[in-house]
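Engineer: Have a look at this one before I ask anything.
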Amino acid sequence: MSTLLGPDEIGQLAPSGYYIALRIGFAFPMEEVNAFPQGWIAHYTKQRFMLFDPVVKWAYGNVGTIRWFKLAEDDPKRIIAQAQTFGMRFGVTVSVFDSSADAQRSFASFTRSDRDYTDLEVKLLLAYLTRRHNETAPPTNLTKAELEALGMVKDGKRLKEIAFELSVSEGAVKQRLKNAKLKLGAKTGTQAAALANQYGLI
C-alpha cells in the first residue's frame, strides 16, 4: 500500500465511515468531510452526542492516535457502544496540532466493522492527516500590499476604486491580485479574498 493515501484508499481503510476536520479555527473547520453512515449522523445529532463524545474530547486534548476501545471506559453515554450498532465496530482517531501563531488543530476518525486497525494502518492514517493539515496551512508569503488589495476585494471594491485608494495603477493592483491568487491557489480574486479571510490573514 502506498504511503501517500488519497480519498479512494481512505474509503478502503474506513469501509464503515470516517470523519475529517481540517484546521479547526474558533469554531468551524476550514474543510470537513463527514462520511459516517447517515443513520448514525442523524442519531448522533438528535442525541446531541458532540458534547459528551469521548472521541471528540480526546481529539481536542491530545495529539497522536488512539483506538476507540481505549476510550470506552470514559463514555457515560455509551456513544462508542452505540456507534457499533451502526457498523462502526472498530475505530481509530487521529489528531494533529501546530503550535504556530494560528495554533490550529485537525482531527479525523476512521471506522470499520470487520477488524481493528493494524499499527501500520494507524501510522498511515496519521501521516495522511498530517499531510492534509500541512497542505491546508495558510501561506506565509503574502506581502502587505497583496493582503491590502485582497481586503479591498473582500469589501466589494472594484479594481478602479482599489487603484485610486492605494494611489497605484490598475495594472499594479492586477499584479498584486495575480500574485495573491497564485500563492493561495485560487482561481479568482474573490476566491483568493475569501480564502485569505478564512485563514484570518485579512
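Each chain of the C-alpha cells is named A, B, ... in the order shown, its residues numbered from 1; ligands are numbered from 1 in display order.
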Looking only at the backbone, which of the residues in stretch 3-195 of chain A does DSSP tag as strand (DSSP E), as a ChimeraX atom specification?

Structural biologist: /A:18-24,29-34,64-67,90-97,105-112

Engineer: Once you count only C-alpha atoms, what closest atom pair and distance in Å to one decimal does each residue of stretch 13-32 of chain A within 6 Å of stretch 89-109 of chain A have, with rows by chain and rising residue number, as a Markdown table?

Structural biologist:
| residue | atom | partner | partner_atom | distance |
| --- | --- | --- | --- | --- |
| A:Tyr18 | CA | A:Ser109 | CA | 5.4 |
| A:Tyr19 | CA | A:Ser109 | CA | 5.2 |
| A:Ile20 | CA | A:Ala108 | CA | 4.2 |
| A:Ala21 | CA | A:Phe107 | CA | 5.5 |
| A:Leu22 | CA | A:Ser106 | CA | 4.5 |
| A:Arg23 | CA | A:Ser106 | CA | 4.9 |
| A:Ile24 | CA | A:Arg105 | CA | 5.5 |

Engineer: Looking at A:Thr136, A:Ser169, A:Thr190, A:Thr65, which one is nearest to A:Lys157, with distances taken over only C-alpha atoms?

Structural biologist: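 When distances to A:Lys157 are compared using only C-alpha atoms, the smallest one comes from A:Thr190.
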
Engineer: Would you list the contacts of A:Gly185 as a VMD selection string, taking every protein, DNA or RNA residue within 10 Å and counting only C-alpha atoms, but skipping same-chain residues closer than 6 positions in sequence?

Structural biologist: chain A and resid 139 179 191 to 192 195

Engineer: Restricted to N, CA, C and O atoms, what would the selected residues look like written as a PDB file, in the first residue's frame?

Structural biologist:
ATOM      1  N   PRO A 139      -0.750  30.329   3.720  1.00  0.00           N
ATOM      2  CA  PRO A 139       0.556  30.722   3.182  1.00  0.00           C
ATOM      3  C   PRO A 139       1.148  31.862   4.015  1.00  0.00           C
ATOM      4  O   PRO A 139       0.417  32.693   4.537  1.00  0.00           O
ATOM      5  N   ASN A 179      -0.580  37.650  -8.032  1.00  0.00           N
ATOM      6  CA  ASN A 179       0.379  37.020  -7.119  1.00  0.00           C
ATOM      7  C   ASN A 179      -0.331  36.341  -5.951  1.00  0.00           C
ATOM      8  O   ASN A 179       0.004  35.219  -5.560  1.00  0.00           O
ATOM      9  N   GLN A 191     -12.281  34.580  -4.808  1.00  0.00           N
ATOM     10  CA  GLN A 191     -11.967  33.325  -4.114  1.00  0.00           C
ATOM     11  C   GLN A 191     -10.709  33.509  -3.248  1.00  0.00           C
ATOM     12  O   GLN A 191     -10.656  33.032  -2.108  1.00  0.00           O
ATOM     13  N   ALA A 192      -9.723  34.214  -3.777  1.00  0.00           N
ATOM     14  CA  ALA A 192      -8.492  34.484  -3.025  1.00  0.00           C
ATOM     15  C   ALA A 192      -8.799  35.281  -1.760  1.00  0.00           C
ATOM     16  O   ALA A 192      -8.272  34.991  -0.685  1.00  0.00           O
ATOM     17  N   LEU A 195     -10.502  33.034   0.779  1.00  0.00           N
ATOM     18  CA  LEU A 195      -9.530  32.133   1.415  1.00  0.00           C
ATOM     19  C   LEU A 195      -8.666  32.877   2.432  1.00  0.00           C
ATOM     20  O   LEU A 195      -8.447  32.394   3.543  1.00  0.00           O
TER      21      LEU A 195
END

Engineer: What lies within 10 Å of A:Gln38 using only C-alpha atoms, ignoring chain neighbours under 5 positions off, as a PyMOL selection string?

Structural biologist: chain A and resi 17+43-44+86
